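Participant: The following block contains the structure, expressed as structure tokens.
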Amino acid sequence: MNLIIAASSSATFPVLPSLLIVPTAGALVVAFLPRARKDLTKLVAVIFSTTTCALSLWLLSDFEYENHSDMFQFVSRQSWISDFGISWSFGVDGISLFLIVLTGILFPIAFLAVDPEHNDRSYFAWMLLLEAGVMGVFCSLDLILFFLCFEVVLVPMYFLISRWGHGNRSYAATKFFLFTMAGSALMLVGIITVAFLHADNVGGSVTFDLVEIAESQSIAQGTARWLFLTFALAFAVKIPIFPLHTWLPDAHTEAPTAGSVILAGVLLKLGTYGLIRFGLYLFPEASHFFAPVFLTLGVVGIIYGAVVAAMQKDLKRLVAYSSIAHLGFIVLGTFALNTEAIVGSVLQMVNHGISTGALFLLVGMIYERRHTRQIDELGGLQHSAPLMAGFFTVVMLSSIGLPGLNGFVGEFLILLGTFTAHRWWAVVATLGVVLAALYLLWAYQRVFHGPAEKENAEITDLKTRETLVLLPLLALIVFLGVYPKPVINRMENSVKTLVVHIEKHVSGFEEPVNRHSLGEIKIDTQQLEEGH
Amino acid sequence: MFFASNSIPTPEIVWWALIPVIVFSVSGVLLLTVSSLLKKEVSWLAPGVSLTAGIFVLLSSIPMWNRIQNDGPISFLNNSVGTDGSTIFLTSLIAIALISTSILARPYLSREGIPDLEFYVLLLLSAAGGVVMAGANDLIVLFLGIEILSIAVYVLVALHLRKIESQEAAIKYFLLGAFSSAFLLYGIALVYGAVGTTNLIGIRNFLTTSLLIEDGMLMIGFALMLVGLGFKVAVFPFHAWTPDAYQGAPTPVVIWMAAGVKVAGFAAILRVFPLTFASYVDDWQIPLAVLSGLSVVFGSVVAVVQTNVKRMLAYSSIAHAGFILIGVQSSNMDGTAAVLFYLGVYTFLASGSFAIATVVGGEGDSNHDLDAYKGLAKRKPALAALFTILLLGQAGIPFTGGFIAKLGVISSAVDTKYYFLAGVAMVSAAIAAYVYLRILMAMYSENNEGKIEDIHVSKGVWVVAALSSIVVIATGFIPGPFVEITRDAVPILVGG
């Protein structure tokens, strides 16, 4: 019975397009709510975002990871601009699945956790549009559609930072907008060139279909490398990879709490996701060719982010720099080009979204109470807010990568995979884990431990609402740390398909696997026995 | 019998194809005569006639379009005038620009105390000139059209008699415009000297069938014509008049200059370069590509440092002209269709943006500093929202018509393997985004330093701004039908 419903519904109901349509519709409804019913704004926004969340969870439950031969599932195609060969085509695989779910979960939490200070209607409308754009990036299988969504998220984020942010928000918002827009300017030229060259080489009309272009690999090696760089630049700015990261601390620090949660939680993943989907998959040879560069930049990001984070006086800025370090790990894992590391990267994208999202929420809660984020001015908060201290501890430990929590699984897989492929990069990257423990524990110590003075002694502990929004994140942190198997299972097949794709199109490349695994040792012993 | 054998042979005239020109010029001239005969001034007469003429031409373009699509393009009056898909498409854009200018001019003229009769008469005549350009199949007709269009605009720019900037702008525009007309005419003369005809069809046929041993004269002719036409559409380095003229001219006139004049100018460029000189594409493609790249870069970069919104929009219009020229240089069907699409979207972008500038400009039309926009979102949230859509459209943000327009011209550059040009244009677009962001920032800033205490937004402004925004969004979300129209509107030269 259950199966029948699932099968029939997944065949007919366009779940992926509705991931875009529901939030967009929500944005319109919120924007045109009558002024007199302002009280409804938040409720409506929450309803639409939870519906989106429910859709993404439904996607998760219907996703088939065993015995599924197609690379993408839930594929839906609808011609859009037929003269240009652009279509609304969506599909999901194990790599994008959890990013979609993460987006679905984080938005309602961000809505419930923080209320905007003014202009509720436009705030929620922009947030919902942002959600639609992000979903579009993760679902789209058309190059132009992807670019449209990738670019369009800048607009809501710009307004969220510049209108509801703190301090120097206008500067931060503009810097964010211009950096990312300039970064992706060349990507559009790259996308068009890819499609035109593909049409020239294969024959037929111009198409922007990702799968068709990626599977045919018709573009000459040298050209493909150049084109890869135009894509990589856009993603490198978005992630951000050192040295293109300078917009991030400003944007994170000045953004409103919910904005920071979304920015760190999902927006940065657009870049790392793009590197896998439009880097490794679309340009396997070029990705392999440039892998050493990205591995190095990843490691530099890890160390640089950690060192700079340790020096920060502002708690929010510290978390922002820690993001640079974490995303360095993800880049490292992506370009190790083996299954473990890429699975680790995808997992780490989800993990970082959860734990950094939760960290930003907590920092926001501290700021709401104390109206400062300066670490010097805080101290001893655990005396009056033990619950908050407890939550912060768990989230922080997850961010550090403590075994048993989610961060460990991702980082471990990345380091394992990278160690097999590029040993010394992994060795240096491990330093980053140590440094993460250093700056986060130190910050925790300064904020929560010690004697509480004046206002710090009087802060209130977490309210019920705050506890309730943090609980699901906490549950995910523990669940993914203790039992990541169901998640990894769903990612693994897609990642393997990707690695096989790379092996197929890069001559002389074999997936770097651990030669000292148990299987090989067994063979060795057999040989030894035969020798006897 | 006597009469029949000796009658002067008159060329065939296809009257229905001339409806737009006739409507614009006749209503302009009639308006001038009739209102001078009237004893009492009728305030609604001039705007009413102008608006009716515009709407009539817009509506009449539908049956004309169907006829051309079914029976193919035609050429008449000894092949000196032609009507094809592009003629009708561009004519309707000119009509749209005329309509929005007329709507916005009425409250503006009464606020500034400018006599409105002359304004509308000149506007109608200028539009007639633009329509002539869109259907010219002869260099002489083309020149006539440009002169009718331009001379009317020179006067329109000077119409704000109490404003010294308006006079200054008019003098600059007139002097440079006269020079550019001379260049164009000299170019026409040289081309005539080289090929022996001024008819576009004749020139094209001559150039495709015969090989010139000495083509120096023709080349100089190309170059001089490019200078003359480049001036009209404000392409770098022939743009110098634009910022001053835009800043000084009455704002409704700027709408006409940005939308109507630009459309007419590109109509001429499309007819001359990709169509008539098609066989010499290798000779003019590179200069056009260079000019387009320079325009995009220059317009975007210089717009960033402006503090006057009208000047910002003036420089951004130079960048837009550069983008459109990218489509022209590709000299193929896709590129030309992209040019038409861009022109269509830009007509609405310019109309809507300057409509809002008209309002914010306030009494005396001088309040165009960026500071004047501060806190606009607080006082007029709906107006600010419309301006946001229009500015995002100008920046080419996805899901606006501006993006699809840019996508089209960039594709055409990639198609002709001008990758560098495409890259330069996109990077400049990112720079130009900052210009629009600055206006947005000012609008949404919290402090109310804006000088305008209460802005009076007339109904016309709402209509123009809202319709423009709707078109910008619609062409961004469902561009398919619009793209198809522009593909059907690609100009074709046929002998009658």
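Going through the structure tokens in order, the chains are called A, B, and so on, while each chain numbers its residues from 1 and the ligands are numbered from 1 in the order shown.
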Using only C-alpha atoms and a distance of at most 7 Å, pull out the residues of chain B that contact chain A, as a ChimeraX atom specification.
Facilitator: /B:397-398,411,414-415,422-423,426-427,430,434,479-480
Participant: How would the residues just picked look written out with N, CA and C atoms as a compact mmCIF listing (two decimals), in the first residue's frame?
Facilitator:
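Result file part-v3.txt:
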```
# COMPACT_ATOMS: atom_id res chain seq x y z
N ILE B 397 20.09 41.12 -13.81
CA ILE B 397 19.95 40.06 -12.81
C ILE B 397 19.01 38.99 -13.38
N PRO B 398 19.30 37.72 -13.10
CA PRO B 398 18.44 36.65 -13.63
C PRO B 398 16.97 36.86 -13.32
N SER B 411 25.76 35.48 -26.13
CA SER B 411 25.78 34.26 -26.95
C SER B 411 26.24 34.57 -28.36
N VAL B 414 29.92 34.89 -28.41
CA VAL B 414 30.57 33.58 -28.30
C VAL B 414 30.45 32.83 -29.62
N ASP B 415 29.29 32.97 -30.24
CA ASP B 415 29.03 32.30 -31.50
C ASP B 415 30.04 32.72 -32.56
N ALA B 422 33.17 38.91 -25.04
CA ALA B 422 32.12 38.42 -24.15
C ALA B 422 32.56 38.54 -22.70
N GLY B 423 33.80 38.15 -22.44
CA GLY B 423 34.31 38.21 -21.08
C GLY B 423 34.39 39.64 -20.57
N MET B 426 30.95 40.94 -19.73
CA MET B 426 30.36 40.42 -18.50
C MET B 426 31.01 41.03 -17.27
N VAL B 427 32.34 41.18 -17.32
CA VAL B 427 33.01 41.78 -16.17
C VAL B 427 32.53 43.22 -15.99
N ALA B 430 29.32 43.38 -14.29
CA ALA B 430 29.43 43.25 -12.83
C ALA B 430 29.82 44.59 -12.21
N TYR B 434 27.32 47.75 -9.62
CA TYR B 434 27.56 48.62 -8.48
C TYR B 434 26.81 49.95 -8.62
N PRO B 479 10.50 34.29 -21.53
CA PRO B 479 11.08 35.01 -22.68
C PRO B 479 10.77 34.32 -24.01
N GLY B 480 10.35 33.06 -23.98
CA GLY B 480 10.17 32.30 -25.21
C GLY B 480 9.41 33.03 -26.29
```
Participant: Can you list, as a tab-separated table (two decimals) with C-alpha atoms, in the first residue's frame, every residue of region 65-142 of chain A that DSSP puts in strand (DSSP E or B)?
Facilitator:
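The result, stored in result.tsv:
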```
chain	number	residue	atom	x	y	z
A	73	GLN	CA	16.16	10.68	-10.00
A	74	PHE	CA	12.90	12.61	-9.98
A	75	VAL	CA	13.98	14.08	-13.30
A	76	SER	CA	11.54	16.55	-14.79
A	77	ARG	CA	12.04	18.53	-17.94
A	78	GLN	CA	10.03	21.35	-19.36
A	79	SER	CA	11.13	23.37	-22.34
A	80	TRP	CA	11.60	27.00	-21.41
A	81	ILE	CA	13.33	29.07	-24.08
A	86	ILE	CA	17.21	26.21	-22.33
A	87	SER	CA	14.83	24.10	-20.29
A	88	TRP	CA	13.54	23.80	-16.78
A	89	SER	CA	15.21	20.51	-16.06
A	90	PHE	CA	15.59	19.19	-12.58
A	91	GLY	CA	17.00	16.07	-11.07
A	92	VAL	CA	18.52	14.92	-7.85
A	140	SER	CA	18.88	22.15	-11.78
A	142	ASP	CA	20.45	22.84	-17.07
```
Participant: List the spatial neighbours of region 410-424 of chain A as an MDAnalysis selection string - criterion: any atom at most 7 Å away, only C-alpha atoms, same-chain residues fewer than 4 positions off excluded.
Facilitator: chainID A and resid 333 336 338 340:341 344:345 347:348 401 406 428 512:514
Participant: Take the selection from the previous step and output its residues with N, CA and C atoms, as an mmCIF file, in the first residue's frame.
Facilitator:
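New file again.cif:
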```
data_model
loop_
_atom_site.group_PDB
_atom_site.id
_atom_site.type_symbol
_atom_site.label_atom_id
_atom_site.label_comp_id
_atom_site.auth_asym_id
_atom_site.auth_seq_id
_atom_site.Cartn_x
_atom_site.Cartn_y
_atom_site.Cartn_z
ATOM 1 N N GLY A 333 38.779 17.640 0.168
ATOM 2 C CA GLY A 333 38.177 16.338 -0.073
ATOM 3 C C GLY A 333 37.680 16.197 -1.493
ATOM 4 N N ALA A 336 40.546 15.457 -3.833
ATOM 5 C CA ALA A 336 41.290 14.225 -3.639
ATOM 6 C C ALA A 336 40.825 13.198 -4.657
ATOM 7 N N ASN A 338 38.727 10.759 -4.737
ATOM 8 C CA ASN A 338 38.325 9.378 -4.504
ATOM 9 C C ASN A 338 37.044 9.334 -3.684
ATOM 10 N N GLU A 340 35.956 8.025 -0.836
ATOM 11 C CA GLU A 340 35.882 8.390 0.591
ATOM 12 C C GLU A 340 35.897 9.900 0.757
ATOM 13 N N ALA A 341 36.854 10.530 0.098
ATOM 14 C CA ALA A 341 37.042 11.956 0.326
ATOM 15 C C ALA A 341 35.852 12.761 -0.185
ATOM 16 N N GLY A 344 33.022 12.275 2.075
ATOM 17 C CA GLY A 344 33.321 13.095 3.253
ATOM 18 C C GLY A 344 33.017 14.554 3.000
ATOM 19 N N SER A 345 33.363 15.038 1.813
ATOM 20 C CA SER A 345 33.116 16.446 1.491
ATOM 21 C C SER A 345 31.630 16.754 1.499
ATOM 22 N N LEU A 347 29.286 15.107 2.935
ATOM 23 C CA LEU A 347 28.800 14.989 4.302
ATOM 24 C C LEU A 347 29.195 16.221 5.113
ATOM 25 N N GLN A 348 30.411 16.674 4.877
ATOM 26 C CA GLN A 348 30.905 17.818 5.639
ATOM 27 C C GLN A 348 30.134 19.086 5.271
ATOM 28 N N GLY A 401 35.063 18.646 15.572
ATOM 29 C CA GLY A 401 35.220 17.323 14.987
ATOM 30 C C GLY A 401 35.478 16.264 16.028
ATOM 31 N N ASN A 406 28.846 14.814 14.519
ATOM 32 C CA ASN A 406 28.832 14.730 13.061
ATOM 33 C C ASN A 406 30.121 15.223 12.392
ATOM 34 N N VAL A 428 49.227 17.991 6.584
ATOM 35 C CA VAL A 428 49.168 19.409 6.980
ATOM 36 C C VAL A 428 47.737 19.770 7.399
ATOM 37 N N PRO A 512 42.437 6.873 -6.530
ATOM 38 C CA PRO A 512 43.417 6.527 -5.505
ATOM 39 C C PRO A 512 42.730 5.799 -4.350
ATOM 40 N N VAL A 513 42.997 4.517 -4.221
ATOM 41 C CA VAL A 513 42.383 3.764 -3.117
ATOM 42 C C VAL A 513 43.483 3.257 -2.197
ATOM 43 N N ASN A 514 43.070 2.917 -1.022
ATOM 44 C CA ASN A 514 44.017 2.477 -0.017
ATOM 45 C C ASN A 514 44.530 1.083 -0.358
#
```
Participant: With only C-alpha atoms as the counted atoms, please give the residues lying no more than 12 Å from Glu117 (chain A), apart from itself and same-chain residues fewer than 3 positions off, as a PyMOL selection string.
Facilitator: chain A and resi 114+120-124+160+163-166+256-258+368
Participant: Excluding region 149-154 of chain B and its own-chain neighbours fewer than 5 positions away, which residues fall within 6 Å of it when counting only C-alpha atoms? Please give them as a ChimeraX atom specification.
Facilitator: /B:122,126,129-130,170,174
Participant: May I have the selected residues written with C-alpha atoms, as a PDB file, in the first residue's frame?
Facilitator:
```pdb
ATOM      1  CA  LEU B 122       8.273  68.064 -31.966  1.00  0.00           C
ATOM      2  CA  SER B 126      10.782  63.174 -34.200  1.00  0.00           C
ATOM      3  CA  GLY B 129      11.750  60.550 -38.415  1.00  0.00           C
ATOM      4  CA  GLY B 130      12.507  57.459 -36.350  1.00  0.00           C
ATOM      5  CA  ALA B 170      20.997  71.617 -26.378  1.00  0.00           C
ATOM      6  CA  PHE B 174      23.222  70.330 -31.569  1.00  0.00           C
TER       7      PHE B 174
END
```
Participant: With a distance cut-off of 10 Å and only C-alpha atoms, select the neighbouring residues of region 243-249 of chain A, excluding the residue or stretch itself and same-chain residues fewer than 3 positions from it, and output the selection as a VMD selection string.
Facilitator: chain A and resid 171 to 180 183 233 236 to 240 252 to 255 263 to 264 268 297 300 to 301 304 to 305 316 to 324
Participant: For CA of Pro491 (chain B) and CA of Leu270 (chain B), determine how far apart the two atoms are, in Å to one decimal place.
Facilitator: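 Between these atoms lies a distance of 7.8 Å.
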Participant: When you look at region 452-459 of chain A with a cut-off of 12 Å (counting only C-alpha atoms), what residues show up, excluding the ones that are within fewer than 2 positions of it in the same chain? I need them as a ChimeraX atom specification.
Facilitator: /A:365-372,375-388,446-450,461-463
Participant: Grab the residues selected above and save them as a PDB file, in the first residue's frame with N, CA and C atoms.
Facilitator:
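Below you can see out35.pdb, which holds the result:
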```pdb
ATOM      1  N   MET A 365      21.863  34.646  19.820  1.00  0.00           N
ATOM      2  CA  MET A 365      21.153  34.674  21.099  1.00  0.00           C
ATOM      3  C   MET A 365      21.974  35.410  22.160  1.00  0.00           C
ATOM      4  N   ILE A 366      23.271  35.190  22.129  1.00  0.00           N
ATOM      5  CA  ILE A 366      24.128  35.932  23.069  1.00  0.00           C
ATOM      6  C   ILE A 366      24.036  37.423  22.773  1.00  0.00           C
ATOM      7  N   TYR A 367      24.085  37.741  21.478  1.00  0.00           N
ATOM      8  CA  TYR A 367      24.053  39.166  21.093  1.00  0.00           C
ATOM      9  C   TYR A 367      22.745  39.818  21.512  1.00  0.00           C
ATOM     10  N   GLU A 368      21.650  39.066  21.364  1.00  0.00           N
ATOM     11  CA  GLU A 368      20.353  39.611  21.754  1.00  0.00           C
ATOM     12  C   GLU A 368      20.331  39.976  23.237  1.00  0.00           C
ATOM     13  N   ARG A 369      21.015  39.178  24.030  1.00  0.00           N
ATOM     14  CA  ARG A 369      21.000  39.416  25.475  1.00  0.00           C
ATOM     15  C   ARG A 369      21.998  40.491  25.892  1.00  0.00           C
ATOM     16  N   ARG A 370      23.158  40.450  25.284  1.00  0.00           N
ATOM     17  CA  ARG A 370      24.243  41.313  25.767  1.00  0.00           C
ATOM     18  C   ARG A 370      24.517  42.511  24.842  1.00  0.00           C
ATOM     19  N   HIS A 371      23.973  42.487  23.637  1.00  0.00           N
ATOM     20  CA  HIS A 371      24.203  43.555  22.656  1.00  0.00           C
ATOM     21  C   HIS A 371      25.675  43.785  22.379  1.00  0.00           C
ATOM     22  N   THR A 372      26.440  42.747  22.514  1.00  0.00           N
ATOM     23  CA  THR A 372      27.838  42.829  22.103  1.00  0.00           C
ATOM     24  C   THR A 372      28.274  41.442  21.678  1.00  0.00           C
ATOM     25  N   ILE A 375      34.457  39.326  22.511  1.00  0.00           N
ATOM     26  CA  ILE A 375      34.755  38.235  23.451  1.00  0.00           C
ATOM     27  C   ILE A 375      35.213  38.803  24.797  1.00  0.00           C
ATOM     28  N   ASP A 376      35.961  39.912  24.759  1.00  0.00           N
ATOM     29  CA  ASP A 376      36.460  40.530  25.997  1.00  0.00           C
ATOM     30  C   ASP A 376      35.328  40.915  26.947  1.00  0.00           C
ATOM     31  N   GLU A 377      34.249  41.386  26.363  1.00  0.00           N
ATOM     32  CA  GLU A 377      33.176  41.905  27.208  1.00  0.00           C
ATOM     33  C   GLU A 377      32.274  40.806  27.733  1.00  0.00           C
ATOM     34  N   LEU A 378      32.428  39.612  27.172  1.00  0.00           N
ATOM     35  CA  LEU A 378      31.633  38.490  27.665  1.00  0.00           C
ATOM     36  C   LEU A 378      32.480  37.717  28.668  1.00  0.00           C
ATOM     37  N   GLY A 379      31.843  36.793  29.378  1.00  0.00           N
ATOM     38  CA  GLY A 379      32.594  35.968  30.324  1.00  0.00           C
ATOM     39  C   GLY A 379      31.683  35.389  31.371  1.00  0.00           C
ATOM     40  N   GLY A 380      31.944  34.152  31.705  1.00  0.00           N
ATOM     41  CA  GLY A 380      31.198  33.509  32.780  1.00  0.00           C
ATOM     42  C   GLY A 380      29.730  33.324  32.507  1.00  0.00           C
ATOM     43  N   LEU A 381      29.377  33.259  31.244  1.00  0.00           N
ATOM     44  CA  LEU A 381      27.954  33.155  30.936  1.00  0.00           C
ATOM     45  C   LEU A 381      27.334  31.865  31.459  1.00  0.00           C
ATOM     46  N   GLN A 382      28.175  30.854  31.697  1.00  0.00           N
ATOM     47  CA  GLN A 382      27.594  29.564  32.075  1.00  0.00           C
ATOM     48  C   GLN A 382      26.928  29.593  33.443  1.00  0.00           C
ATOM     49  N   HIS A 383      27.309  30.580  34.264  1.00  0.00           N
ATOM     50  CA  HIS A 383      26.704  30.623  35.593  1.00  0.00           C
ATOM     51  C   HIS A 383      25.218  30.921  35.516  1.00  0.00           C
ATOM     52  N   SER A 384      24.877  31.881  34.664  1.00  0.00           N
ATOM     53  CA  SER A 384      23.465  32.237  34.609  1.00  0.00           C
ATOM     54  C   SER A 384      22.745  31.552  33.454  1.00  0.00           C
ATOM     55  N   ALA A 385      23.496  31.033  32.481  1.00  0.00           N
ATOM     56  CA  ALA A 385      22.845  30.385  31.342  1.00  0.00           C
ATOM     57  C   ALA A 385      23.452  29.005  31.104  1.00  0.00           C
ATOM     58  N   PRO A 386      23.241  28.088  32.020  1.00  0.00           N
ATOM     59  CA  PRO A 386      23.880  26.771  31.876  1.00  0.00           C
ATOM     60  C   PRO A 386      23.377  25.999  30.662  1.00  0.00           C
ATOM     61  N   LEU A 387      22.102  26.161  30.349  1.00  0.00           N
ATOM     62  CA  LEU A 387      21.556  25.420  29.219  1.00  0.00           C
ATOM     63  C   LEU A 387      22.224  25.881  27.925  1.00  0.00           C
ATOM     64  N   MET A 388      22.348  27.208  27.811  1.00  0.00           N
ATOM     65  CA  MET A 388      22.997  27.769  26.626  1.00  0.00           C
ATOM     66  C   MET A 388      24.430  27.254  26.530  1.00  0.00           C
ATOM     67  N   ARG A 446      36.675  31.690  27.195  1.00  0.00           N
ATOM     68  CA  ARG A 446      36.603  33.121  27.516  1.00  0.00           C
ATOM     69  C   ARG A 446      35.165  33.605  27.645  1.00  0.00           C
ATOM     70  N   VAL A 447      34.262  32.976  26.892  1.00  0.00           N
ATOM     71  CA  VAL A 447      32.881  33.468  26.901  1.00  0.00           C
ATOM     72  C   VAL A 447      32.078  32.867  28.043  1.00  0.00           C
ATOM     73  N   PHE A 448      32.263  31.596  28.284  1.00  0.00           N
ATOM     74  CA  PHE A 448      31.368  30.925  29.231  1.00  0.00           C
ATOM     75  C   PHE A 448      31.986  30.687  30.598  1.00  0.00           C
ATOM     76  N   HIS A 449      33.314  30.551  30.642  1.00  0.00           N
ATOM     77  CA  HIS A 449      33.947  30.257  31.929  1.00  0.00           C
ATOM     78  C   HIS A 449      34.320  31.548  32.645  1.00  0.00           C
ATOM     79  N   GLY A 450      34.969  31.373  33.774  1.00  0.00           N
ATOM     80  CA  GLY A 450      35.461  32.518  34.524  1.00  0.00           C
ATOM     81  C   GLY A 450      34.357  33.178  35.310  1.00  0.00           C
ATOM     82  N   ASP A 461      18.710  32.517  30.663  1.00  0.00           N
ATOM     83  CA  ASP A 461      19.051  31.298  29.942  1.00  0.00           C
ATOM     84  C   ASP A 461      18.142  31.170  28.712  1.00  0.00           C
ATOM     85  N   LEU A 462      18.356  30.103  27.944  1.00  0.00           N
ATOM     86  CA  LEU A 462      17.563  29.891  26.735  1.00  0.00           C
ATOM     87  C   LEU A 462      16.083  29.821  27.074  1.00  0.00           C
ATOM     88  N   LYS A 463      15.295  30.490  26.238  1.00  0.00           N
ATOM     89  CA  LYS A 463      13.853  30.390  26.402  1.00  0.00           C
ATOM     90  C   LYS A 463      13.376  29.110  25.733  1.00  0.00           C
TER      91      LYS A 463
END
```
Participant: Please return, as a PyMOL selection string, all residues of region 109-274 of chain B that DSSP assigns to alpha helix (DSSP H) on the basis of the backbone.
Facilitator: chain B and resi 109-112+116-134+139-157+164-195+200-209+216-233+241-248+251-255+262-270
Participant: Could you work out how far CA of Ser61 (chain B) lies from CA of Gly135 (chain B), giving the answer in Å with one decimal?
Facilitator: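 Pair CA of Gly135 (chain B) / CA of Ser61 (chain B) returns 13.3 Å.
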Participant: Would you compute the distance between CA of Ile404 (chain B) and CA of Val359 (chain B)? Give it in Å to one decimal.
Facilitator: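 Taking CA of Ile404 (chain B) as the start and CA of Val359 (chain B) as the end point, the length is 28.6 Å.
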